[in-house]
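Text of the file my_file-v1.pdb, holding PDB, C-alpha atoms and all ligand atoms:
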ATOM      1  CA  MET A   1     -70.839  13.899 167.901
ATOM      2  CA  LEU A   2     -68.211  13.155 165.305
ATOM      3  CA  SER A   3     -68.193  15.131 162.061
ATOM      4  CA  SER A   4     -69.048  13.189 158.923
ATOM      5  CA  GLU A   5     -65.353  13.165 157.941
ATOM      6  CA  GLU A   6     -64.407  11.780 161.339
ATOM      7  CA  GLN A   7     -67.127   9.162 161.079
ATOM      8  CA  ALA A   8     -65.954   8.102 157.634
ATOM      9  CA  ARG A   9     -62.381   7.831 158.893
ATOM     10  CA  LEU A  10     -63.414   5.832 161.958
ATOM     11  CA  ARG A  11     -65.538   3.511 159.834
ATOM     12  CA  LEU A  12     -62.604   2.755 157.532
ATOM     13  CA  GLU A  13     -60.443   2.130 160.574
ATOM     14  CA  VAL A  14     -63.047  -0.341 161.872
ATOM     15  CA  PHE A  15     -63.008  -2.117 158.491
ATOM     16  CA  ALA A  16     -59.211  -2.337 158.477
ATOM     17  CA  ASP A  17     -59.109  -3.622 162.060
ATOM     18  CA  LEU A  18     -61.818  -6.194 161.389
ATOM     19  CA  GLU A  19     -59.953  -7.422 158.311
ATOM     20  CA  HIS A  20     -56.758  -7.746 160.313
ATOM     21  CA  PHE A  21     -58.627  -9.552 163.095
ATOM     22  CA  VAL A  22     -60.411 -12.145 160.966
ATOM     23  CA  ASP A  23     -57.352 -12.750 158.769
ATOM     24  CA  SER A  24     -55.574 -14.100 161.823
ATOM     25  CA  ARG A  25     -58.565 -16.300 162.668
ATOM     26  CA  GLY A  26     -59.270 -18.018 159.391
ATOM     27  CA  GLY A  27     -61.776 -15.490 158.039
ATOM     28  CA  PHE A  28     -64.402 -15.782 160.763
ATOM     29  CA  ALA A  29     -65.144 -14.723 164.318
ATOM     30  CA  SER A  30     -67.360 -15.789 167.201
ATOM     31  CA  LYS A  31     -70.173 -13.815 168.763
ATOM     32  CA  GLU A  32     -68.033 -13.122 171.850
ATOM     33  CA  GLU A  33     -65.169 -11.811 169.719
ATOM     34  CA  LEU A  34     -67.503  -9.452 167.862
ATOM     35  CA  THR A  35     -69.441  -8.167 170.854
ATOM     36  CA  GLY A  36     -66.156  -7.616 172.714
ATOM     37  CA  PHE A  37     -64.291  -6.147 169.747
ATOM     38  CA  VAL A  38     -61.624  -3.596 170.635
ATOM     39  CA  MET A  39     -59.956  -1.567 167.891
ATOM     40  CA  ARG A  40     -56.181  -1.403 167.626
ATOM     41  CA  SER A  41     -56.470   2.194 168.858
ATOM     42  CA  GLY A  42     -57.946   0.822 172.095
ATOM     43  CA  LEU A  43     -61.486   2.024 171.349
ATOM     44  CA  ARG A  44     -64.157  -0.506 172.288
ATOM     45  CA  MET A  45     -66.349  -1.045 169.242
ATOM     46  CA  PRO A  46     -68.822  -3.947 169.452
ATOM     47  CA  LEU A  47     -69.448  -5.062 165.878
ATOM     48  CA  ILE A  48     -72.720  -6.875 166.460
ATOM     49  CA  ASP A  49     -75.555  -6.321 168.855
ATOM     50  CA  THR A  50     -76.773  -9.386 170.725
ATOM     51  CA  GLY A  51     -80.476  -9.866 170.294
ATOM     52  CA  ARG A  52     -80.860  -7.835 167.132
ATOM     53  CA  GLY A  53     -79.524  -8.158 163.634
ATOM     54  CA  ILE A  54     -78.277  -4.616 163.297
ATOM     55  CA  ARG A  55     -75.543  -2.617 164.996
ATOM     56  CA  ASN A  56     -76.036   1.121 165.309
ATOM     57  CA  PRO A  57     -73.121   2.543 167.339
ATOM     58  CA  GLN A  58     -73.673   5.936 168.898
ATOM     59  CA  GLU A  59     -70.519   7.216 167.142
ATOM     60  CA  PHE A  60     -72.184   6.870 163.743
ATOM     61  CA  ASP A  61     -75.164   8.479 162.004
ATOM     62  CA  ALA A  62     -75.544   5.360 159.830
ATOM     63  CA  SER A  63     -75.590   1.650 160.779
ATOM     64  CA  LEU A  64     -72.296  -0.194 161.046
ATOM     65  CA  SER A  65     -73.325  -3.801 160.472
ATOM     66  CA  ILE A  66     -76.188  -6.153 159.780
ATOM     67  CA  VAL A  67     -76.338  -9.889 160.403
ATOM     68  CA  SER A  68     -77.822 -12.159 157.758
ATOM     69  CA  ALA A  69     -80.759 -14.119 159.122
ATOM     70  CA  GLY A  70     -79.998 -17.756 158.365
ATOM     71  CA  ASP A  71     -77.953 -20.336 160.237
ATOM     72  CA  GLY A  72     -77.351 -22.449 157.189
ATOM     73  CA  GLY A  73     -75.889 -25.674 158.482
ATOM     74  CA  ARG A  74     -72.629 -27.349 157.659
ATOM     75  CA  ASN A  75     -73.514 -28.908 154.380
ATOM     76  CA  ASN A  76     -75.964 -26.466 152.964
ATOM     77  CA  PRO A  77     -73.983 -24.912 150.110
ATOM     78  CA  TYR A  78     -75.980 -21.751 149.617
ATOM     79  CA  ASP A  79     -77.146 -20.721 153.012
ATOM     80  CA  ASP A  80     -76.468 -17.041 152.587
ATOM     81  CA  ALA A  81     -79.365 -14.756 151.950
ATOM     82  CA  ILE A  82     -78.036 -13.444 148.630
ATOM     83  CA  ASP A  83     -80.346 -13.861 145.659
ATOM     84  CA  ARG A  84     -78.581 -15.965 142.990
ATOM     85  CA  GLU A  85     -80.016 -14.014 140.077
ATOM     86  CA  THR A  86     -79.556 -10.455 141.201
ATOM     87  CA  GLY A  87     -76.728 -10.701 143.732
ATOM     88  CA  LEU A  88     -78.878  -8.679 146.134
ATOM     89  CA  LEU A  89     -79.814  -9.354 149.727
ATOM     90  CA  ARG A  90     -83.157  -8.418 151.235
ATOM     91  CA  TYR A  91     -82.950  -7.314 154.823
ATOM     92  CA  SER A  92     -86.224  -7.114 156.743
ATOM     93  CA  TRP A  93     -86.574  -3.892 158.575
ATOM     94  CA  ALA A  94     -87.309  -3.815 162.254
ATOM     95  CA  LYS A  95     -90.758  -3.167 163.674
ATOM     96  CA  GLY A  96     -92.148   0.316 163.429
ATOM     97  CA  PRO A  97     -91.793   3.021 160.804
ATOM     98  CA  VAL A  98     -88.950   2.972 158.301
ATOM     99  CA  ASP A  99     -87.531   6.207 159.684
ATOM    100  CA  GLY A 100     -87.771   5.204 163.331
ATOM    101  CA  GLY A 101     -85.815   3.070 165.807
ATOM    102  CA  ASP A 102     -83.215   0.729 164.351
ATOM    103  CA  ASN A 103     -84.360   1.495 160.823
ATOM    104  CA  ARG A 104     -83.405   5.143 160.990
ATOM    105  CA  LYS A 105     -79.649   4.562 160.717
ATOM    106  CA  LEU A 106     -80.075   2.013 157.926
ATOM    107  CA  LEU A 107     -82.129   4.566 156.044
ATOM    108  CA  ALA A 108     -79.309   7.052 156.679
ATOM    109  CA  ALA A 109     -76.877   4.548 155.130
ATOM    110  CA  LEU A 110     -79.084   4.404 152.033
ATOM    111  CA  HIS A 111     -79.218   8.163 151.685
ATOM    112  CA  ALA A 112     -75.516   8.735 152.259
ATOM    113  CA  GLY A 113     -74.259   5.631 150.409
ATOM    114  CA  THR A 114     -72.436   4.562 153.556
ATOM    115  CA  PRO A 115     -70.549   1.241 153.407
ATOM    116  CA  LEU A 116     -71.633  -1.403 155.922
ATOM    117  CA  ILE A 117     -70.461  -4.763 157.166
ATOM    118  CA  LEU A 118     -72.669  -7.776 156.437
ATOM    119  CA  PHE A 119     -72.119 -10.764 158.696
ATOM    120  CA  GLU A 120     -73.085 -14.065 157.146
ATOM    121  CA  LYS A 121     -73.664 -16.786 159.703
ATOM    122  CA  PRO A 122     -73.119 -20.216 158.167
ATOM    123  CA  LEU A 123     -73.140 -21.801 161.641
ATOM    124  CA  PRO A 124     -74.717 -20.544 164.854
ATOM    125  CA  ASN A 125     -71.543 -19.074 166.351
ATOM    126  CA  LEU A 126     -69.520 -18.532 163.199
ATOM    127  CA  TYR A 127     -69.694 -15.069 161.684
ATOM    128  CA  VAL A 128     -68.121 -14.367 158.297
ATOM    129  CA  PRO A 129     -67.807 -10.652 157.521
ATOM    130  CA  VAL A 130     -68.542  -9.445 154.011
ATOM    131  CA  PHE A 131     -67.647  -5.798 153.530
ATOM    132  CA  PRO A 132     -68.139  -3.210 152.283
ATOM    133  CA  VAL A 133     -71.769  -3.701 151.287
ATOM    134  CA  TYR A 134     -74.302  -0.969 150.516
ATOM    135  CA  VAL A 135     -77.965  -0.271 151.092
ATOM    136  CA  ILE A 136     -79.108   0.611 147.589
ATOM    137  CA  ASP A 137     -82.891   0.694 147.823
ATOM    138  CA  ILE A 138     -85.911   0.103 149.952
ATOM    139  CA  ASP A 139     -88.952  -2.042 149.254
ATOM    140  CA  LEU A 140     -91.701  -0.321 151.231
ATOM    141  CA  GLU A 141     -94.355  -2.870 150.407
ATOM    142  CA  ASN A 142     -92.407  -5.877 151.651
ATOM    143  CA  ARG A 143     -90.553  -3.925 154.332
ATOM    144  CA  HIS A 144     -87.107  -4.780 153.009
ATOM    145  CA  PHE A 145     -83.905  -2.859 152.676
ATOM    146  CA  ILE A 146     -82.074  -3.962 149.540
ATOM    147  CA  ILE A 147     -78.381  -4.615 150.137
ATOM    148  CA  ASP A 148     -75.772  -4.864 147.372
ATOM    149  CA  LEU A 149     -72.248  -6.290 147.389
ATOM    150  CA  ASP A 150     -70.822  -3.272 145.644
ATOM    151  CA  ASP A 151     -71.904   0.280 144.964
ATOM    152  CA  SER A 152     -72.199   0.137 141.183
ATOM    153  CA  ARG A 153     -75.998   0.033 141.235
ATOM    154  CA  LEU A 154     -76.099   2.699 143.915
ATOM    155  CA  ARG A 155     -74.033   4.990 141.680
ATOM    156  CA  ASN A 156     -75.596   4.113 138.337
ATOM    157  CA  GLY A 157     -79.166   3.402 139.332
ATOM    158  CA  ARG A 158     -81.006   0.168 140.060
ATOM    159  CA  ASP A 159     -82.256  -0.149 136.508
ATOM    160  CA  VAL A 160     -78.861  -0.514 134.866
ATOM    161  CA  PRO A 161     -78.729  -4.286 134.311
ATOM    162  CA  LEU A 162     -75.612  -6.031 135.564
ATOM    163  CA  ASP A 163     -73.919  -8.710 133.535
ATOM    164  CA  LYS A 164     -74.943 -12.163 134.835
ATOM    165  CA  LYS A 165     -71.351 -13.370 134.812
ATOM    166  CA  TYR A 166     -70.317 -10.337 136.819
ATOM    167  CA  VAL A 167     -72.977 -11.027 139.430
ATOM    168  CA  ASP A 168     -72.005 -14.716 139.615
ATOM    169  CA  ARG A 169     -68.358 -13.884 140.115
ATOM    170  CA  LEU A 170     -69.133 -11.187 142.652
ATOM    171  CA  VAL A 171     -71.289 -13.495 144.784
ATOM    172  CA  LYS A 172     -68.786 -16.333 144.515
ATOM    173  CA  GLN A 173     -65.756 -14.249 145.463
ATOM    174  CA  ARG A 174     -67.332 -12.043 148.079
ATOM    175  CA  VAL A 175     -69.676 -14.538 149.757
ATOM    176  CA  HIS A 176     -69.414 -18.204 148.790
ATOM    177  CA  GLN A 177     -65.643 -18.601 148.875
ATOM    178  CA  PRO A 178     -65.151 -16.875 152.261
ATOM    179  CA  MET A 179     -68.030 -18.894 153.759
ATOM    180  CA  PHE A 180     -66.643 -22.158 152.367
ATOM    181  CA  ARG A 181     -63.204 -21.395 153.755
ATOM    182  CA  ALA A 182     -64.611 -20.456 157.161
ATOM    183  CA  ARG A 183     -66.675 -23.625 157.455
ATOM    184  CA  VAL A 184     -63.855 -25.889 156.317
ATOM    185  CA  LEU A 185     -61.219 -24.243 158.540
ATOM    186  CA  SER A 186     -63.604 -24.396 161.464
ATOM    187  CA  ALA A 187     -64.294 -28.112 160.847
ATOM    188  CA  TYR A 188     -60.549 -28.861 160.700
ATOM    189  CA  ASN A 189     -59.868 -26.797 163.797
ATOM    190  CA  LYS A 190     -57.718 -24.413 161.739
ATOM    191  CA  ARG A 191     -55.055 -26.969 160.866
ATOM    192  CA  CYS A 192     -53.721 -28.314 157.583
ATOM    193  CA  ALA A 193     -55.193 -31.807 157.052
ATOM    194  CA  VAL A 194     -51.846 -32.968 155.626
ATOM    195  CA  CYS A 195     -49.128 -31.437 157.847
ATOM    196  CA  THR A 196     -51.209 -29.960 160.751
ATOM    197  CA  LEU A 197     -49.781 -26.446 160.243
ATOM    198  CA  LYS A 198     -51.915 -24.212 162.450
ATOM    199  CA  TYR A 199     -51.538 -20.684 161.075
ATOM    200  CA  PRO A 200     -54.916 -19.618 159.600
ATOM    201  CA  GLU A 201     -53.204 -16.957 157.482
ATOM    202  CA  LEU A 202     -51.483 -19.807 155.628
ATOM    203  CA  LEU A 203     -54.527 -22.061 155.303
ATOM    204  CA  ASP A 204     -56.994 -22.491 152.444
ATOM    205  CA  ALA A 205     -60.069 -24.595 151.866
ATOM    206  CA  ALA A 206     -59.175 -26.954 149.013
ATOM    207  CA  HIS A 207     -62.024 -28.228 146.842
ATOM    208  CA  ILE A 208     -62.046 -31.981 146.178
ATOM    209  CA  ILE A 209     -64.310 -31.704 143.132
ATOM    210  CA  GLY A 210     -63.375 -28.320 141.674
ATOM    211  CA  ASP A 211     -65.805 -25.417 141.780
ATOM    212  CA  GLY A 212     -65.858 -25.293 137.981
ATOM    213  CA  ASP A 213     -67.772 -28.610 138.100
ATOM    214  CA  GLU A 214     -71.450 -28.307 139.008
ATOM    215  CA  ARG A 215     -70.962 -31.006 141.670
ATOM    216  CA  GLY A 216     -68.087 -29.051 143.173
ATOM    217  CA  LEU A 217     -70.255 -27.523 145.855
ATOM    218  CA  PRO A 218     -68.800 -25.298 148.562
ATOM    219  CA  VAL A 219     -69.728 -27.740 151.343
ATOM    220  CA  VAL A 220     -67.467 -29.069 154.091
ATOM    221  CA  THR A 221     -67.556 -32.654 152.750
ATOM    222  CA  ASN A 222     -66.207 -31.402 149.426
ATOM    223  CA  GLY A 223     -63.340 -29.594 151.107
ATOM    224  CA  MET A 224     -60.177 -30.097 153.116
ATOM    225  CA  ALA A 225     -58.229 -27.519 155.071
ATOM    226  CA  MET A 226     -54.742 -27.309 153.589
ATOM    227  CA  CYS A 227     -51.775 -25.000 153.925
ATOM    228  CA  LYS A 228     -50.867 -23.026 150.796
ATOM    229  CA  ILE A 229     -48.146 -25.427 149.639
ATOM    230  CA  HIS A 230     -50.220 -28.577 150.139
ATOM    231  CA  HIS A 231     -53.232 -26.955 148.520
ATOM    232  CA  ALA A 232     -51.157 -26.037 145.466
ATOM    233  CA  ALA A 233     -49.585 -29.516 145.414
ATOM    234  CA  TYR A 234     -53.075 -31.079 145.584
ATOM    235  CA  ASP A 235     -54.390 -28.899 142.762
ATOM    236  CA  GLN A 236     -51.336 -29.794 140.644
ATOM    237  CA  ASP A 237     -51.642 -33.532 141.433
ATOM    238  CA  PHE A 238     -48.236 -33.603 143.125
ATOM    239  CA  LEU A 239     -50.181 -34.729 146.175
ATOM    240  CA  GLY A 240     -53.192 -37.032 146.240
ATOM    241  CA  VAL A 241     -55.601 -38.185 148.937
ATOM    242  CA  SER A 242     -57.035 -41.689 148.541
ATOM    243  CA  PRO A 243     -60.587 -42.520 149.693
ATOM    244  CA  ASP A 244     -59.145 -44.231 152.809
ATOM    245  CA  TYR A 245     -57.817 -40.804 153.850
ATOM    246  CA  VAL A 246     -54.151 -41.477 153.124
ATOM    247  CA  VAL A 247     -51.819 -38.880 151.586
ATOM    248  CA  HIS A 248     -49.840 -39.890 148.501
ATOM    249  CA  ILE A 249     -46.969 -38.059 146.845
ATOM    250  CA  ASN A 250     -46.355 -38.208 143.129
ATOM    251  CA  GLU A 251     -43.634 -40.744 142.054
ATOM    252  CA  ARG A 252     -41.576 -38.155 140.229
ATOM    253  CA  LEU A 253     -41.417 -35.948 143.318
ATOM    254  CA  LEU A 254     -40.549 -38.935 145.509
ATOM    255  CA  ALA A 255     -37.592 -39.792 143.287
ATOM    256  CA  ASP A 256     -36.250 -36.241 143.166
ATOM    257  CA  ARG A 257     -33.696 -34.563 145.394
ATOM    258  CA  ASP A 258     -33.974 -30.963 146.483
ATOM    259  CA  GLY A 259     -34.010 -28.820 149.610
ATOM    260  CA  PRO A 260     -35.972 -29.219 152.859
ATOM    261  CA  MET A 261     -39.338 -28.190 151.409
ATOM    262  CA  LEU A 262     -39.299 -31.182 149.063
ATOM    263  CA  GLN A 263     -37.854 -33.538 151.634
ATOM    264  CA  PHE A 264     -39.801 -32.585 154.749
ATOM    265  CA  GLY A 265     -42.716 -30.646 153.313
ATOM    266  CA  LEU A 266     -43.696 -33.098 150.576
ATOM    267  CA  GLN A 267     -41.819 -36.438 150.457
ATOM    268  CA  ALA A 268     -42.256 -37.008 154.203
ATOM    269  CA  MET A 269     -46.044 -36.703 153.825
ATOM    270  CA  ASP A 270     -46.258 -39.821 151.633
ATOM    271  CA  GLY A 271     -48.313 -42.523 153.375
ATOM    272  CA  LYS A 272     -49.464 -40.225 156.161
ATOM    273  CA  SER A 273     -53.062 -40.421 157.396
ATOM    274  CA  LEU A 274     -55.113 -37.309 156.803
ATOM    275  CA  GLU A 275     -55.923 -35.271 159.913
ATOM    276  CA  LEU A 276     -59.728 -35.479 159.899
ATOM    277  CA  PRO A 277     -62.412 -33.238 161.396
ATOM    278  CA  SER A 278     -63.650 -34.534 164.727
ATOM    279  CA  ARG A 279     -67.253 -34.536 163.500
ATOM    280  CA  ARG A 280     -67.848 -37.558 161.264
ATOM    281  CA  ASP A 281     -70.335 -35.608 159.144
ATOM    282  CA  ASP A 282     -67.601 -33.122 158.226
ATOM    283  CA  ARG A 283     -65.206 -35.725 156.812
ATOM    284  CA  PRO A 284     -64.421 -35.704 153.104
ATOM    285  CA  ASP A 285     -66.845 -37.496 150.822
ATOM    286  CA  ARG A 286     -65.134 -40.763 149.844
ATOM    287  CA  ASP A 287     -66.730 -40.900 146.396
ATOM    288  CA  HIS A 288     -65.435 -37.430 145.628
ATOM    289  CA  LEU A 289     -61.987 -38.402 146.899
ATOM    290  CA  ALA A 290     -61.998 -41.556 144.750
ATOM    291  CA  GLU A 291     -62.921 -39.596 141.643
ATOM    292  CA  ARG A 292     -60.250 -37.022 142.310
ATOM    293  CA  PHE A 293     -57.645 -39.640 143.279
ATOM    294  CA  ALA A 294     -58.103 -41.382 139.931
ATOM    295  CA  ARG A 295     -56.824 -38.207 138.274
ATOM    296  CA  PHE A 296     -53.783 -38.121 140.579
ATOM    297  CA  ALA A 297     -53.013 -41.794 139.981
ATOM    298  CA  SER A 298     -53.401 -41.680 136.192
TER
HETATM  299 ZN    ZN A 301     -49.780 -28.501 155.024
END

Here is the file; what I need is its structure written in the form of structure tokens.
Amino acid sequence: MLSSEEQARLRLEVFADLEHFVDSRGGFASKEELTGFVMRSGLRMPLIDTGRGIRNPQEFDASLSIVSAGDGGRNNPYDDAIDRETGLLRYSWAKGPVDGGDNRKLLAALHAGTPLILFEKPLPNLYVPVFPVYVIDIDLENRHFIIDLDDSRLRNGRDVPLDKKYVDRLVKQRVHQPMFRARVLSAYNKRCAVCTLKYPELLDAAHIIGDGDERGLPVVTNGMAMCKIHHAAYDQDFLGVSPDYVVHINERLLADRDGPMLQFGLQAMDGKSLELPSRRDDRPDRDHLAERFARFAS
């Protein structure tokens, strides 16, 4: 059995390796990739357990990961299990007593304040890791473990109220944005819709209607996979996409002369058809594109 220091070190190594792994895959992983996960040290470390929503490796006294229950669907914006108001997730405990079976190591995580990995599952075989998360409490009556996105309530007590804006931002940054990016990149087969660049590390999910607008939902039809430069150009209206899925470059940029990035990266994209998701239902909403294109064209 590993000492608690060794366990803590191994856990952090797992987190770092998982981050490295999903970064190169657009922020998500498949079931096969997670059940067959091998650490960079060569140690085999399955990150999920098929058939149950919790992973309790023998190396650890406390659980390593839990999987959120819902398969949300492509265009369900808020399919995670996080409560909007509190920023907390309720995780149903397995059959049997709270200190027995699978529950025992989750209870250990609560007592020791051990960080865990939460896998959100916006689509059946698309796992988006959110970590670290913490078990901060237990609801004995409803048989729930209460999971938090950070450890502030664990440290300061459940009763210290958190600022609503803080909770909103936390949920958005830690859960909604990564899930939006994963769904959009998956729909676009991890390629930029403008130039087809295929390196997930360089790809974002661009909003069509911005997320500051209440209609700017984090759904696939309000997004397009774009490389960093095309995303920035789109946000700055240097690049527009018309409702017939054609790329347009701003007149001023077209008239300018500069190096290869301007010439090949931007000017050459003018008039190009957008690379669309193969599923029709995933294609950008034309009304949203029209509204956004009006801003580009004005
Ligand atoms: Zn691009």

Item checked: Surrounding residues as a count of residues only, ligand ZN 301 (chain A), max 10 Å, all atoms listed in the file -> 23

Next item on the list: For Arg52 of chain A, work out the shell of residues within 10 Å, counting all atoms listed in the file and skipping chain neighbours fewer than 5 positions away, then give it as a list in words.
Entry: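 Returned residues: Ile66, Val67, Ala94 and Asp102 of chain A.
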
Okay, now the selection with C-alpha atoms, as a PDB file, in the coordinates of the input?
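Full text of selection16.pdb as output:
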ATOM      1  CA  ILE A  66     -76.188  -6.153 159.780  1.00  0.00           C
ATOM      2  CA  VAL A  67     -76.338  -9.889 160.403  1.00  0.00           C
ATOM      3  CA  ALA A  94     -87.309  -3.815 162.254  1.00  0.00           C
ATOM      4  CA  ASP A 102     -83.215   0.729 164.351  1.00  0.00           C
TER       5      ASP A 102
END

For Asp17 of chain A, list every protein, DNA or RNA residue within 10 Å, evaluated using all atoms listed in the file, and leave out those in the same chain fewer than 6 positions away; present the list as a compact mmCIF listing (two decimals) with C-alpha atoms, in the coordinates of the input.
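Final output, saved to around_22.txt:
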# COMPACT_ATOMS: atom_id res chain seq x y z
CA ARG A 11 -65.54 3.51 159.83
CA ASP A 23 -57.35 -12.75 158.77
CA PHE A 37 -64.29 -6.15 169.75
CA VAL A 38 -61.62 -3.60 170.64
CA MET A 39 -59.96 -1.57 167.89
CA ARG A 40 -56.18 -1.40 167.63
CA SER A 41 -56.47 2.19 168.86

Check: Within 12 Å of segment 28-34 of chain A, counting all atoms listed in the file, which residues qualify if same-chain residues fewer than 6 places away don't, as an MDAnalysis selection string?
Finding: chainID A and resid 14 17:22 44:51 55 65 67 119:130 178:186 190 200:201

Notebook entry, point to check: So what do you get for atom CA of Leu239 of chain A versus atom CA of Met261 of chain A, distance-wise?
Noted result: 13.7 Å

Please identify all polymer residues within 9 Å of Phe296 of chain A, counting only C-alpha atoms, omitting same-chain residues fewer than 5 positions from it, and present them as an mmCIF file with C-alpha atoms, in the frame of the given file.
data_model
loop_
_atom_site.group_PDB
_atom_site.id
_atom_site.type_symbol
_atom_site.label_atom_id
_atom_site.label_comp_id
_atom_site.auth_asym_id
_atom_site.auth_seq_id
_atom_site.Cartn_x
_atom_site.Cartn_y
_atom_site.Cartn_z
ATOM 1 C CA TYR A 234 -53.075 -31.079 145.584
ATOM 2 C CA GLN A 236 -51.336 -29.794 140.644
ATOM 3 C CA ASP A 237 -51.642 -33.532 141.433
ATOM 4 C CA PHE A 238 -48.236 -33.603 143.125
ATOM 5 C CA LEU A 239 -50.181 -34.729 146.175
ATOM 6 C CA GLY A 240 -53.192 -37.032 146.240
ATOM 7 C CA VAL A 241 -55.601 -38.185 148.937
ATOM 8 C CA ASN A 250 -46.355 -38.208 143.129
#

Next item on the list: Check what the PyMOL selection byres (((chain A and resi 288-290) around 7) and not hetatm) selects in the file above and give those residues as a VMD selection string.
Entry: chain A and resid 208 to 209 241 to 243 285 to 287 291 to 294

Next item on the list: Enter the distance from atom CA of Leu2 of chain A to atom CA of Phe60 of chain A, in Å, rounded to one decimal.
Entry: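 Distance reported for this atom pair: 7.6 Å.
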
Item checked: Nearest to Arg174 of chain A, chosen from A:Ile82, A:Leu110, A:Met224, A:Leu64, with only C-alpha atoms counted in the distances ->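 Selected residue with least distance to Arg174 of chain A: A:Ile82.
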
Using all atoms listed in the file, which residues sit within 8 Å of segment 134-141 of chain A once same-chain residues fewer than 5 positions away are excluded, as a PDB file with C-alpha atoms, keeping the file's coordinate frame?
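And here's part_35.pdb as it stands now:
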ATOM      1  CA  LEU A 106     -80.075   2.013 157.926  1.00  0.00           C
ATOM      2  CA  ALA A 109     -76.877   4.548 155.130  1.00  0.00           C
ATOM      3  CA  LEU A 110     -79.084   4.404 152.033  1.00  0.00           C
ATOM      4  CA  GLY A 113     -74.259   5.631 150.409  1.00  0.00           C
ATOM      5  CA  THR A 114     -72.436   4.562 153.556  1.00  0.00           C
ATOM      6  CA  PRO A 115     -70.549   1.241 153.407  1.00  0.00           C
ATOM      7  CA  LEU A 116     -71.633  -1.403 155.922  1.00  0.00           C
ATOM      8  CA  ILE A 146     -82.074  -3.962 149.540  1.00  0.00           C
ATOM      9  CA  ILE A 147     -78.381  -4.615 150.137  1.00  0.00           C
ATOM     10  CA  ASP A 148     -75.772  -4.864 147.372  1.00  0.00           C
ATOM     11  CA  LEU A 149     -72.248  -6.290 147.389  1.00  0.00           C
ATOM     12  CA  ASP A 150     -70.822  -3.272 145.644  1.00  0.00           C
ATOM     13  CA  ASP A 151     -71.904   0.280 144.964  1.00  0.00           C
ATOM     14  CA  ARG A 153     -75.998   0.033 141.235  1.00  0.00           C
ATOM     15  CA  LEU A 154     -76.099   2.699 143.915  1.00  0.00           C
ATOM     16  CA  ARG A 158     -81.006   0.168 140.060  1.00  0.00           C
TER      17      ARG A 158
END

Next item on the list: Name the closest residue to Asp99 of chain A among the candidates A:Gln177, A:Gly157, A:Ala268, A:Arg143; distances are taken between atoms, counting only C-alpha atoms.
Entry: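 Ranked by minimum distance to Asp99 of chain A, first place goes to A:Arg143.
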
Note to self: Measuring between all atoms listed in the file, which one of A:Leu12, A:Ile117, A:Ala255, A:Ile54 shows the shortest distance to Ser92 of chain A?
What the structure shows: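 When distances to Ser92 of chain A are compared using all atoms listed in the file, the smallest one comes from A:Ile54.
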
Check: What do you get, as a list in words, if you spell out every residue that the PyMOL selection byres (((chain A and resi 223) around 6) and not hetatm) selects here?
Finding: Ala206, His207, Ile208, Val220, Thr221, Asn222 and Met224 of chain A

Next item on the list: Point out the residue among A:Gln7, A:Ser298, A:Gln267, A:Asn189 with the least atom-to-atom distance to Gly26 of chain A, counting all atoms listed in the file.
Entry: A:Asn189

Notebook entry, point to check: In Å to one decimal, how far is atom CA of Tyr188 of chain A from atom CA of Arg25 of chain A?
Noted result: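 Interatomic distance here is 12.9 Å.
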
Item checked: Closest of A:Glu5, A:Glu59, A:Glu275, A:Glu251 to Lys105 of chain A - atom-to-atom distances counting only C-alpha atoms -> A:Glu59
